[in-house]
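Enquirer: work-v5.txt is reproduced below (compact mmCIF, C-alpha atoms).
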# COMPACT_ATOMS: atom_id res chain seq x y z
CA MET U 1 107.93 76.27 128.87
CA ASN U 2 108.52 73.13 130.89
CA HIS U 3 109.58 70.55 128.32
CA ASN U 4 108.76 67.72 130.72
CA THR U 5 105.12 68.15 129.79
CA SER U 6 105.93 67.02 126.26
CA SER U 7 105.70 63.31 125.48
CA GLU U 8 109.01 61.64 124.67
CA ILE U 9 109.32 59.50 121.59
CA VAL U 10 112.39 57.37 121.02
CA THR U 11 113.76 57.66 117.49
CA GLU U 12 114.17 53.91 117.19
CA ASN U 13 110.39 53.49 117.02
CA HIS U 14 109.34 54.29 113.44
CA SER U 15 106.05 52.40 113.41
CA SER U 16 104.10 55.49 114.44
CA SER U 17 101.91 57.02 111.80
CA GLY U 18 103.30 59.99 109.91
CA LYS U 19 100.06 61.82 110.72
CA LYS U 20 101.13 61.93 114.37
CA TYR U 21 103.93 64.30 113.39
CA LEU U 22 102.01 66.40 110.85
CA LEU U 23 100.99 69.33 113.11
CA PRO U 24 104.42 69.57 114.80
CA PHE U 25 106.03 69.53 111.36
CA ILE U 26 103.74 72.32 110.09
CA LEU U 27 104.60 74.46 113.12
CA VAL U 28 108.31 73.89 112.59
CA VAL U 29 107.94 74.79 108.90
CA SER U 30 106.59 78.21 110.00
CA LEU U 31 109.90 78.81 111.78
CA PHE U 32 111.85 78.09 108.60
CA PHE U 33 109.77 80.76 106.86
CA LEU U 34 110.29 83.31 109.65
CA TRP U 35 114.06 83.06 109.84
CA GLY U 36 114.09 83.15 106.04
CA MET U 37 112.29 86.50 106.28
CA ALA U 38 114.92 87.81 108.69
CA HIS U 39 117.85 86.80 106.51
CA ASN U 40 116.36 87.99 103.25
CA LEU U 41 115.32 91.35 104.67
CA ASP U 42 119.04 91.80 105.42
CA SER U 43 119.60 91.83 101.64
CA ILE U 44 117.37 94.90 101.54
CA LEU U 45 118.84 96.45 104.70
CA ILE U 46 122.42 96.38 103.43
CA PRO U 47 121.93 98.75 100.46
CA HIS U 48 119.24 100.68 102.38
CA LEU U 49 121.25 101.39 105.53
CA LYS U 50 124.30 102.02 103.35
CA LYS U 51 122.36 105.06 102.14
CA ALA U 52 120.61 105.98 105.38
CA CYS U 53 123.76 105.77 107.50
CA ASN U 54 126.17 106.90 104.74
CA LEU U 55 128.38 103.78 104.79
CA ASN U 56 130.97 102.18 102.51
CA ASN U 57 130.67 98.56 101.29
CA ARG U 58 132.71 97.06 104.12
CA GLN U 59 130.75 98.95 106.80
CA SER U 60 127.45 97.87 105.25
CA THR U 61 128.43 94.19 105.56
CA LEU U 62 128.56 94.59 109.35
CA ILE U 63 124.82 93.90 109.09
CA ASP U 64 125.72 90.35 108.09
CA THR U 65 128.51 90.24 110.65
CA ALA U 66 126.14 91.20 113.49
CA VAL U 67 123.62 88.49 112.61
CA PHE U 68 125.99 85.66 111.78
CA PHE U 69 128.53 86.34 114.51
CA ALA U 70 125.59 85.82 116.87
CA TYR U 71 125.29 82.32 115.44
CA PHE U 72 128.91 81.66 116.34
CA LEU U 73 128.61 82.99 119.90
CA MET U 74 125.18 81.46 120.59
CA ALA U 75 125.70 78.04 119.02
CA ILE U 76 127.10 76.42 122.19
CA PRO U 77 124.59 78.10 124.57
CA ALA U 78 121.77 77.19 122.18
CA GLY U 79 122.96 73.59 122.15
CA VAL U 80 123.05 73.54 125.96
CA ILE U 81 119.55 75.05 126.12
CA LEU U 82 118.30 72.48 123.61
CA LYS U 83 119.81 69.58 125.56
CA LYS U 84 118.49 70.84 128.91
CA TRP U 85 115.08 72.26 127.99
CA GLY U 86 114.21 70.35 124.82
CA TYR U 87 113.01 71.42 121.37
CA LYS U 88 109.82 73.28 122.32
CA ALA U 89 111.28 75.61 124.97
CA THR U 90 114.28 76.39 122.75
CA MET U 91 112.02 77.35 119.86
CA ILE U 92 109.91 79.64 122.07
CA SER U 93 113.05 81.30 123.50
CA GLY U 94 114.30 81.89 119.96
CA LEU U 95 111.02 83.48 118.90
CA LEU U 96 111.08 85.88 121.88
CA ALA U 97 114.68 86.98 121.27
CA PHE U 98 113.86 87.46 117.57
CA ALA U 99 110.89 89.68 118.50
CA ILE U 100 112.96 91.83 120.91
CA GLY U 101 115.53 92.47 118.17
CA ALA U 102 112.80 93.41 115.69
CA PHE U 103 111.27 95.96 118.09
CA LEU U 104 114.71 97.56 118.66
CA PHE U 105 114.60 98.77 115.04
CA VAL U 106 112.30 101.58 116.22
CA PRO U 107 114.79 103.39 118.50
CA ALA U 108 117.57 102.62 116.01
CA ALA U 109 115.68 104.40 113.22
CA ASN U 110 114.53 107.27 115.45
CA ASN U 111 118.10 108.01 116.52
CA LEU U 112 119.68 107.17 113.15
CA SER U 113 122.05 104.92 115.09
CA TYR U 114 123.85 102.29 113.02
CA ILE U 115 125.26 100.78 116.23
CA THR U 116 121.73 100.29 117.59
CA PHE U 117 120.72 98.64 114.32
CA LEU U 118 123.69 96.27 114.69
CA ILE U 119 122.76 95.47 118.31
CA ALA U 120 119.18 94.75 117.22
CA LEU U 121 120.44 92.50 114.43
CA PHE U 122 122.79 90.70 116.84
CA ILE U 123 119.84 89.96 119.16
CA ILE U 124 117.83 88.75 116.17
CA GLY U 125 120.79 86.52 115.26
CA CYS U 126 120.77 85.04 118.77
CA GLY U 127 117.08 84.22 118.39
CA LEU U 128 117.64 82.71 114.95
CA THR U 129 120.44 80.54 116.34
CA MET U 130 118.09 79.01 118.91
CA LEU U 131 115.44 78.48 116.25
CA GLU U 132 117.80 76.83 113.78
CA THR U 133 119.62 74.75 116.40
CA SER U 134 116.28 73.24 117.44
CA ALA U 135 114.16 73.28 114.27
CA ASN U 136 116.69 71.75 111.83
CA PRO U 137 117.33 68.54 113.81
CA TYR U 138 113.68 68.42 114.93
CA ALA U 139 112.53 68.36 111.30
CA ALA U 140 115.21 65.75 110.52
CA VAL U 141 114.23 63.31 113.28
CA LEU U 142 110.45 63.86 113.10
CA GLY U 143 109.72 60.58 111.34
CA ASP U 144 111.46 57.99 109.17
CA PRO U 145 115.25 58.64 109.23
CA ALA U 146 115.52 57.46 105.62
CA LYS U 147 113.50 60.52 104.60
CA ALA U 148 115.34 63.02 106.81
CA THR U 149 116.98 64.85 103.87
CA SER U 150 113.66 65.11 102.03
CA ARG U 151 111.90 66.44 105.15
CA LEU U 152 114.61 69.04 105.71
CA ASN U 153 114.45 70.15 102.08
CA LEU U 154 110.65 70.36 102.24
CA ALA U 155 110.81 72.49 105.41
CA ALA U 156 113.60 74.55 103.92
CA SER U 157 111.43 75.15 100.84
CA PHE U 158 109.38 77.51 102.97
CA ASN U 159 112.59 79.17 104.08
CA GLY U 160 113.15 79.64 100.35
CA LEU U 161 109.64 81.06 99.96
CA ALA U 162 110.71 83.84 102.30
CA ALA U 163 113.56 84.60 99.90
CA MET U 164 110.89 85.67 97.41
CA VAL U 165 108.48 87.37 99.83
CA ALA U 166 111.03 89.41 101.82
CA PRO U 167 112.46 91.37 98.83
CA MET U 168 108.92 92.15 97.68
CA ILE U 169 108.01 93.52 101.12
CA GLY U 170 111.35 95.27 101.47
CA GLY U 171 111.15 96.78 98.00
CA LEU U 172 107.63 98.02 98.66
CA PHE U 173 107.93 99.33 102.23
CA ILE U 174 111.64 99.94 102.90
CA LEU U 175 113.41 101.02 99.70
CA SER U 176 112.52 104.55 98.59
CA GLY U 177 114.10 104.46 95.16
CA LYS U 178 115.90 107.70 96.02
CA SER U 179 119.67 107.84 95.94
CA HIS U 180 122.22 110.63 95.94
CA THR U 181 125.87 110.71 94.97
CA LYS U 182 128.53 111.87 97.42
CA GLU U 183 128.67 115.18 95.55
CA GLN U 184 124.91 115.68 95.83
CA LEU U 185 124.95 114.92 99.55
CA ALA U 186 127.84 117.33 100.07
CA ALA U 187 125.90 120.06 98.27
CA MET U 188 122.89 119.70 100.61
CA SER U 189 122.47 121.76 103.73
CA ALA U 190 123.16 119.87 106.96
CA GLU U 191 119.47 120.04 107.86
CA HIS U 192 118.30 118.76 104.48
CA ARG U 193 120.89 115.96 104.48
CA ASN U 194 119.94 114.81 108.00
CA SER U 195 116.24 114.93 107.07
CA TYR U 196 116.97 112.67 104.06
CA PHE U 197 118.88 110.16 106.23
CA LEU U 198 116.11 110.09 108.89
CA GLU U 199 113.41 109.61 106.25
CA GLU U 200 115.32 106.67 104.76
CA ALA U 201 115.89 105.06 108.18
CA ALA U 202 112.26 105.50 109.27
CA SER U 203 110.93 103.22 106.54
CA VAL U 204 112.18 100.10 108.38
CA LYS U 205 109.97 100.68 111.43
CA THR U 206 106.58 99.43 110.21
CA PRO U 207 107.86 96.15 108.67
CA TYR U 208 109.88 95.25 111.77
CA ILE U 209 107.14 96.22 114.26
CA THR U 210 104.75 93.98 112.29
CA LEU U 211 107.30 91.16 112.24
CA GLY U 212 107.82 91.48 116.02
CA ILE U 213 104.07 91.21 116.71
CA ILE U 214 103.76 88.13 114.48
CA LEU U 215 106.68 86.49 116.33
CA LEU U 216 105.02 87.08 119.71
CA VAL U 217 101.75 85.56 118.46
CA ILE U 218 103.55 82.46 117.15
CA ALA U 219 105.49 82.13 120.44
CA VAL U 220 102.15 82.03 122.29
CA ILE U 221 100.83 79.37 119.88
CA PHE U 222 103.94 77.25 120.45
CA TYR U 223 103.48 77.58 124.22
CA PHE U 224 99.94 76.20 124.16
CA ILE U 225 100.30 73.59 121.38
CA HIS U 226 101.52 70.09 122.27
CA LEU U 227 104.81 69.11 120.61
CA PRO U 228 106.36 65.65 120.97
CA GLU U 229 109.86 65.80 122.47
CA ILE U 230 111.87 63.37 120.35
CA LYS U 231 114.98 61.89 121.92
CA THR U 232 117.66 59.51 120.87
CA LYS U 233 118.14 56.69 123.33
CA SER U 234 121.37 55.08 124.46
CA ILE U 235 121.91 51.76 126.25
CA ASP U 236 121.14 53.13 129.72
CA GLY U 237 117.99 54.83 128.46
CA GLU U 238 119.25 58.42 128.68
CA ALA U 239 120.03 60.80 125.81
CA LYS U 240 123.79 61.25 125.50
CA GLY U 241 126.23 63.08 123.27
CA SER U 242 128.84 65.72 123.95
CA PHE U 243 129.71 68.93 122.13
CA PHE U 244 133.38 68.19 121.38
CA GLY U 245 132.82 64.44 121.28
CA ALA U 246 130.57 64.91 118.25
CA LEU U 247 133.60 65.95 116.20
CA ARG U 248 134.93 62.39 116.25
CA HIS U 249 132.67 61.92 113.22
CA LYS U 250 134.84 62.95 110.27
CA HIS U 251 131.91 63.55 107.95
CA LEU U 252 130.44 65.97 110.52
CA ARG U 253 133.74 67.89 110.61
CA TRP U 254 133.72 68.18 106.82
CA ALA U 255 130.05 69.20 106.88
CA VAL U 256 130.89 72.02 109.30
CA VAL U 257 133.60 73.27 106.90
CA ALA U 258 131.28 72.97 103.89
CA GLN U 259 128.46 74.75 105.71
CA PHE U 260 130.82 77.60 106.71
CA PHE U 261 131.69 78.23 103.05
CA TYR U 262 128.19 77.62 101.72
CA VAL U 263 126.53 80.10 104.09
CA GLY U 264 129.30 82.60 103.35
CA ALA U 265 128.62 82.19 99.62
CA GLN U 266 124.85 82.59 99.95
CA VAL U 267 125.15 85.69 102.09
CA CYS U 268 127.74 87.19 99.71
CA VAL U 269 125.45 86.61 96.71
CA THR U 270 122.33 88.09 98.32
CA SER U 271 124.01 90.93 100.24
CA PHE U 272 125.46 92.47 97.09
CA PHE U 273 122.66 91.44 94.73
CA ILE U 274 121.02 94.87 94.52
CA ARG U 275 124.34 96.68 94.13
CA MET U 276 125.35 94.12 91.48
CA ALA U 277 122.07 94.59 89.59
CA GLN U 278 122.61 98.36 89.69
CA GLN U 279 126.26 98.35 88.70
CA GLY U 280 126.46 95.25 86.49
CA GLY U 281 122.93 95.23 85.07
CA GLY U 282 122.30 98.98 84.98
CA PHE U 283 119.03 98.71 86.92
CA ASP U 284 117.61 101.27 89.35
CA GLU U 285 117.12 100.39 93.03
CA LYS U 286 113.44 99.41 92.81
CA THR U 287 113.98 97.29 89.68
CA ALA U 288 116.97 95.63 91.33
CA ALA U 289 114.77 94.75 94.31
CA SER U 290 112.21 93.15 91.98
CA TYR U 291 114.97 91.03 90.45
CA LEU U 292 116.02 90.05 93.97
CA ALA U 293 112.43 88.81 94.47
CA ILE U 294 112.77 86.78 91.24
CA TYR U 295 116.02 85.38 92.63
CA GLY U 296 114.06 84.41 95.74
CA PHE U 297 111.39 82.80 93.57
CA LEU U 298 114.03 80.71 91.80
CA PHE U 299 115.52 79.80 95.19
CA THR U 300 112.07 78.62 96.30
CA VAL U 301 111.44 76.66 93.10
CA GLY U 302 114.89 75.11 93.53
CA ARG U 303 113.99 73.93 97.04
CA PHE U 304 110.76 72.26 95.94
CA ALA U 305 112.35 70.84 92.78
CA GLY U 306 115.31 69.59 94.82
CA THR U 307 112.96 67.86 97.27
CA ALA U 308 111.35 66.03 94.32
CA ILE U 309 114.66 65.17 92.60
CA LEU U 310 116.06 63.76 95.85
CA GLN U 311 113.51 60.96 95.56
CA PHE U 312 115.50 59.68 92.57
CA VAL U 313 119.05 61.04 92.99
CA SER U 314 121.28 60.59 96.02
CA SER U 315 121.74 63.79 98.02
CA ASN U 316 125.54 63.91 97.64
CA LYS U 317 125.33 63.54 93.84
CA LEU U 318 122.74 66.30 93.52
CA LEU U 319 124.84 68.53 95.79
CA ALA U 320 127.90 67.92 93.56
CA ILE U 321 125.99 68.72 90.35
CA TYR U 322 124.56 71.92 91.83
CA ALA U 323 127.97 72.99 93.16
CA ILE U 324 129.57 72.60 89.70
CA ILE U 325 126.82 74.66 88.06
CA SER U 326 127.17 77.31 90.80
CA VAL U 327 130.89 77.63 90.09
CA LEU U 328 130.14 78.20 86.39
CA LEU U 329 127.44 80.78 87.18
CA CYS U 330 129.88 82.67 89.42
CA LEU U 331 132.28 82.88 86.46
CA VAL U 332 129.47 84.40 84.35
CA ALA U 333 128.73 86.92 87.14
CA ILE U 334 132.40 87.92 87.36
CA LEU U 335 133.20 88.05 83.63
CA GLY U 336 129.80 88.82 82.08
CA LYS U 337 128.25 92.15 81.14
CA GLY U 338 124.80 93.69 81.39
CA SER U 339 121.68 91.76 82.33
CA TYR U 340 123.45 88.39 81.89
CA VAL U 341 125.22 89.11 85.18
CA VAL U 342 121.86 89.37 86.97
CA TYR U 343 120.53 86.25 85.23
CA ALA U 344 123.58 84.36 86.51
CA LEU U 345 122.76 85.46 90.06
CA GLY U 346 119.18 84.29 89.57
CA GLY U 347 120.53 80.91 88.47
CA LEU U 348 122.64 80.78 91.61
CA GLY U 349 119.45 81.17 93.62
CA PHE U 350 118.07 77.98 92.06
CA PHE U 351 121.21 75.89 92.41
CA MET U 352 122.15 77.05 95.92
CA SER U 353 118.69 76.20 97.20
CA ILE U 354 119.27 72.63 98.40
CA MET U 355 122.78 73.12 99.74
CA PHE U 356 122.16 74.09 103.38
CA PRO U 357 119.63 71.36 104.27
CA THR U 358 121.52 68.75 102.25
CA ILE U 359 124.88 69.50 103.91
CA PHE U 360 123.09 69.55 107.27
CA ALA U 361 121.42 66.17 106.72
CA LEU U 362 124.64 64.57 105.42
CA GLY U 363 126.52 66.01 108.40
CA ILE U 364 124.26 64.50 111.09
CA ASP U 365 123.70 61.24 109.20
CA GLY U 366 124.26 58.27 111.50
CA ILE U 367 125.68 60.19 114.49
CA GLY U 368 122.89 59.07 116.86
CA ASP U 369 123.32 60.55 120.33
CA ASP U 370 125.56 63.28 118.90
CA THR U 371 122.72 64.69 116.75
CA LYS U 372 121.97 67.66 119.05
CA PRO U 373 125.61 68.72 119.64
CA GLY U 374 126.35 67.99 115.98
CA SER U 375 123.52 70.34 115.07
CA SER U 376 125.13 73.03 117.23
CA TRP U 377 128.40 72.68 115.29
CA LEU U 378 126.57 72.99 111.97
CA ILE U 379 124.71 76.07 113.19
CA MET U 380 127.98 77.48 114.58
CA SER U 381 129.50 77.16 111.10
CA ILE U 382 126.99 79.76 109.90
CA VAL U 383 129.59 82.28 111.12
CA GLY U 384 130.81 82.04 107.53
CA GLY U 385 128.01 84.51 106.80
CA ALA U 386 129.70 87.00 109.16
CA ILE U 387 133.25 86.63 107.87
CA LEU U 388 133.15 86.08 104.12
CA PRO U 389 130.81 88.97 103.14
CA PHE U 390 133.03 91.32 105.19
CA GLY U 391 135.96 90.03 103.15
CA MET U 392 133.97 90.53 99.96
CA GLY U 393 133.05 94.12 100.90
CA THR U 394 136.71 94.83 101.71
CA LEU U 395 137.81 93.38 98.36
CA ILE U 396 135.23 95.48 96.50
CA ASP U 397 136.33 98.69 98.25
CA LEU U 398 140.02 97.91 97.61
CA TYR U 399 139.39 97.57 93.88
CA GLY U 400 137.45 100.79 93.41
CA ASP U 401 133.89 99.59 94.11
CA HIS U 402 134.26 96.70 91.62
CA ILE U 403 131.24 94.61 92.66
CA GLN U 404 131.73 91.88 90.04
CA LEU U 405 135.25 91.06 91.18
CA GLY U 406 133.89 90.45 94.67
CA TYR U 407 131.97 87.42 93.40
CA SER U 408 135.24 85.48 93.20
CA ILE U 409 134.69 84.88 96.95
CA PRO U 410 131.51 82.78 96.50
CA LEU U 411 133.16 81.00 93.56
CA VAL U 412 135.86 79.63 95.90
CA CYS U 413 133.16 78.71 98.44
CA PHE U 414 131.30 76.53 95.94
CA ILE U 415 134.52 74.67 95.13
CA VAL U 416 134.74 73.71 98.83
CA VAL U 417 131.10 72.54 98.78
CA LEU U 418 131.90 70.47 95.69
CA TYR U 419 134.75 68.73 97.52
CA PHE U 420 132.42 67.84 100.40
CA ALA U 421 129.84 66.45 97.96
CA LEU U 422 132.45 64.33 96.16
CA SER U 423 134.53 63.15 99.11
CA GLY U 424 133.84 64.63 102.56
CA TYR U 425 130.42 63.01 103.02
CA LYS U 426 131.94 59.54 102.37
CA MET U 427 133.56 59.54 105.77
CA ALA U 428 130.19 58.81 107.41
CA HIS U 429 131.02 55.13 107.70
CA LYS U 430 134.68 55.65 108.58
CA SER U 431 134.05 57.83 111.64
Please render this file's structure as C-alpha cells.

Expert:
Amino acid sequence: MNHNTSSEIVTENHSSSGKKYLLPFILVVSLFFLWGMAHNLDSILIPHLKKACNLNNRQSTLIDTAVFFAYFLMAIPAGVILKKWGYKATMISGLLAFAIGAFLFVPAANNLSYITFLIALFIIGCGLTMLETSANPYAAVLGDPAKATSRLNLAASFNGLAAMVAPMIGGLFILSGKSHTKEQLAAMSAEHRNSYFLEEAASVKTPYITLGIILLVIAVIFYFIHLPEIKTKSIDGEAKGSFFGALRHKHLRWAVVAQFFYVGAQVCVTSFFIRMAQQGGGFDEKTAASYLAIYGFLFTVGRFAGTAILQFVSSNKLLAIYAIISVLLCLVAILGKGSYVVYALGGLGFFMSIMFPTIFALGIDGIGDDTKPGSSWLIMSIVGGAILPFGMGTLIDLYGDHIQLGYSIPLVCFIVVLYFALSGYKMAHKS
C-alpha cells in the first residue's frame, strides 16, 4: 500500500485526456455503491434489530449513532492518513475496516448481543469514513475542476443505486415479516421467546458475510490496480493545507453546517421509513420494505436526473429548489394520512438525492491546498446522522410512538440546507 508507487498528477494540468482517468473513476464509483449499501442496509437493520433485540425507538437509533459517530471520531485520523499515505492506501484501509465490521455480525447474531452489533457498526463506520474522506475529493479532482460537481453527482448516482438495491436484499434475506406485540411476547414461554429473537437475529449473517467477502476482493483489486495520486501544488512544490486552517474559508464552514443537517435529515427519513409506512400507510413489514426500495429507486433517478440538470442549472440554484420542495414534502408526511404519507417520503428520496454531493462540491470549491482537510471537515459533519435520528427517536417515544411528528426534525434540517443554497455558498469568494 505504498502510495509512492502511484504517479503524481498536479491538478493545474488539465490537458490530459479524460480517458486517462476513466478506470480510476470507475473503481472509485464502486466505493460509492458499497458505502451506499452499508447505509441503506441500516434502514432495514433498525426495524429488524428493534424486534430481534426488543428495543424502543430511541434504542434502535443507536444503530445510526454507532455508524455516524464513527465518522466524527475518525474524520481527523482519516484526513491524516489521506495526507500521509494518499488516496489509494486510504481507500484500501477503509475497505478492510468495513469488511472486519461486516464479519463481526456473525458473533453478534449468534450471541444476540446488541452491543456487539453496535461495535461492528462502529467499525464499519470507521471504514466508511476513510472511504468517503478519500473517494469524494478524489472523484472531485479527477479531471476538469469545472465539472467537479457533475462528476461527484455521477459517482453519487451509484451510491443512490444502492439505496434501491439494499432494501430489496434486506427485505428478501433479513426481514421475516413476522412481528409480535408486547402482549404476545409476554405470553410466550422464555424458551419460545428467545428462539424467536435468535431466529430474527440470525437472518443478518448471510448478507453481511457475503458483503465482507466482496469487500476483501475489491481491496485486493485496488492493491494491484494502478491509481494516479492527484495532488494540489503550492509555490514550493509541496502539497499544503491544514485541518483548522481550512476553516478560514467561510463557505466551507457553512457547507459543514449544511452537511450536518442534511445527513441528519436523510438518516431520519430512511431510518423510520419502514415504521412510518407501517404506522402512517398501514402497510405490513415486507410491503413497507418494498416501498423503501421504491424510495431508493427515486433517490437513484434523482441522482442521475440531477447530474443531467446540473449541465443547465447552477448547483446552488438546484439545491435551493430541491430544499424548498423537501420542506413541503415533510409537511405532507407530518400532516397527511394514509398512503400519501409514504408517497411524500418517496418524493423526498428524489429531491434529497443531489444534496450531499452538491453541498460537498460547493464546500471545497476554490480552496486549493485545503481540499483534503476541507474534505475531512465535511465528512466529520456526517455526525449529524448520529445525533439527529437519536433526537427523532426520543421525540417519537415522548409523544406515544407518534412517528409522523418525528418528521418535523428533517423539516428543520431542510430549512438549514435552503439557507446554505441561497446565501452560505456565496461566501466562496469572500473567504

Enquirer: Identify which of the residues U:Val106, U:Ala277, U:Ile213, U:Cys126 lies closest to Phe72 (chain U), counting all atoms listed in the file when measuring atom-to-atom distances.

Expert: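 Result for the nearest residue to Phe72 (chain U): U:Cys126.
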
Enquirer: What are the nearest atom pairs, with distances in Å to one decimal, for all residues of region 140-239 of chain U that come at most 8 Å from region 82-89 of chain U, using only C-alpha atoms, set out by chain and rising residue number as a tab-separated table?

Expert:
residue	atom	partner	partner_atom	distance
U:Phe222	CA	U:Lys88	CA	7.3
U:Tyr223	CA	U:Lys88	CA	7.9
U:Leu227	CA	U:Lys88	CA	6.7
U:Glu229	CA	U:Tyr87	CA	6.5

Enquirer: From (114.7, 78.4, 100.5), in the file's coordinates, out to 9 Å: which residues are reached, counting all atoms listed in the file? Answer as a PyMOL selection string.

Expert: chain U and resi 32-33+36+153+155-164+296-297+299-304+349+352-354

Enquirer: Enter the distance from CA of Gly385 (chain U) to CA of Ile409 (chain U), in Å, rounded to one decimal.

Expert: 11.9 Å

Enquirer: Please compute the CA of Phe197 (chain U)-CA of Pro389 (chain U) distance, one decimal, in Å.

Expert: 24.5 Å

Enquirer: With distances taken over only C-alpha atoms, which of U:Ser43, U:Ser150, U:Gln259, U:Ser134 is nearest to Ser314 (chain U)?

Expert: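 The shortest atom-to-atom distance to Ser314 (chain U) comes from U:Ser150.
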
Enquirer: Smallest atom-to-atom distance to Asp365 (chain U): which of U:Arg275, U:Arg193, U:His226, U:His251, using all atoms listed in the file?

Expert: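 Under the stated criterion, the closest residue is U:His251.
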
Enquirer: Pick from U:Ala190, U:Ile63, U:Ile379, U:Ala97: nearest to Leu45 (chain U), with only C-alpha atoms counted?

Expert: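 Under the stated criterion, the closest residue is U:Ile63.
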
Enquirer: Could you check which of U:Pro47, U:Lys250, U:Ala258, U:Ala265 is closest to Gln59 (chain U), using all atoms listed in the file?

Expert: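 Among U:Pro47, U:Lys250, U:Ala258, U:Ala265, it is U:Pro47 that comes nearest to Gln59 (chain U).
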
Enquirer: Please tell me which residues are no farther than 12 Å from (136.1, 63.8, 115.0) in the file, counting only C-alpha atoms, and write them as a PyMOL selection string.

Expert: chain U and resi 242-256+363+367+370+374+377+427-428+430-431

Enquirer: Give me, please, the distance in Å between CA of Leu104 (chain U) and CA of Ile382 (chain U), quoted to one decimal.

Expert: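 CA of Ile382 (chain U) lies at a distance of 23.3 Å from CA of Leu104 (chain U).
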
Enquirer: Applying 10 Å and all atoms listed in the file, which residues near region 176-188 of chain U remain after dropping the ones on its own chain fewer than 5 positions away? List them as number ranges by chain.

Expert: U: 48, 51-52, 54, 170-171, 193-194, 196, 199-200, 203, 284-287, 289

Enquirer: Output region 332-351 of chain U with N, CA and C atoms present, as a compact mmCIF listing (two decimals), in the coordinates of the input.

Expert:
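Final file, part_5.txt:
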# COMPACT_ATOMS: atom_id res chain seq x y z
N VAL U 332 130.28 83.51 85.20
CA VAL U 332 129.47 84.40 84.35
C VAL U 332 129.25 85.74 85.06
N ALA U 333 128.96 85.69 86.37
CA ALA U 333 128.73 86.92 87.14
C ALA U 333 129.97 87.80 87.19
N ILE U 334 131.14 87.17 87.27
CA ILE U 334 132.40 87.92 87.36
C ILE U 334 132.81 88.49 86.00
N LEU U 335 132.67 87.67 84.95
CA LEU U 335 133.20 88.05 83.63
C LEU U 335 132.15 88.61 82.68
N GLY U 336 130.86 88.40 82.99
CA GLY U 336 129.80 88.82 82.08
C GLY U 336 129.53 90.32 82.09
N LYS U 337 128.62 90.73 81.22
CA LYS U 337 128.25 92.15 81.14
C LYS U 337 126.73 92.28 81.01
N GLY U 338 126.22 93.39 81.52
CA GLY U 338 124.80 93.69 81.39
C GLY U 338 123.89 92.75 82.16
N SER U 339 122.70 92.53 81.62
CA SER U 339 121.68 91.76 82.33
C SER U 339 122.07 90.29 82.53
N TYR U 340 123.02 89.78 81.72
CA TYR U 340 123.45 88.39 81.89
C TYR U 340 124.05 88.16 83.28
N VAL U 341 124.65 89.19 83.83
CA VAL U 341 125.22 89.11 85.18
C VAL U 341 124.11 88.82 86.19
N VAL U 342 122.99 89.53 86.05
CA VAL U 342 121.86 89.37 86.97
C VAL U 342 121.19 88.01 86.76
N TYR U 343 121.11 87.57 85.50
CA TYR U 343 120.53 86.25 85.23
C TYR U 343 121.37 85.16 85.89
N ALA U 344 122.69 85.33 85.87
CA ALA U 344 123.58 84.36 86.51
C ALA U 344 123.31 84.28 88.01
N LEU U 345 123.07 85.44 88.64
CA LEU U 345 122.76 85.46 90.06
C LEU U 345 121.43 84.78 90.34
N GLY U 346 120.47 84.97 89.44
CA GLY U 346 119.18 84.29 89.57
C GLY U 346 119.37 82.78 89.51
N GLY U 347 120.22 82.33 88.58
CA GLY U 347 120.53 80.91 88.47
C GLY U 347 121.16 80.38 89.73
N LEU U 348 122.02 81.18 90.34
CA LEU U 348 122.64 80.78 91.61
C LEU U 348 121.58 80.53 92.67
N GLY U 349 120.53 81.35 92.67
CA GLY U 349 119.45 81.17 93.62
C GLY U 349 118.86 79.77 93.51
N PHE U 350 118.64 79.32 92.28
CA PHE U 350 118.07 77.98 92.06
C PHE U 350 119.02 76.89 92.54
N PHE U 351 120.29 76.99 92.15
CA PHE U 351 121.21 75.89 92.41
C PHE U 351 121.83 75.91 93.81
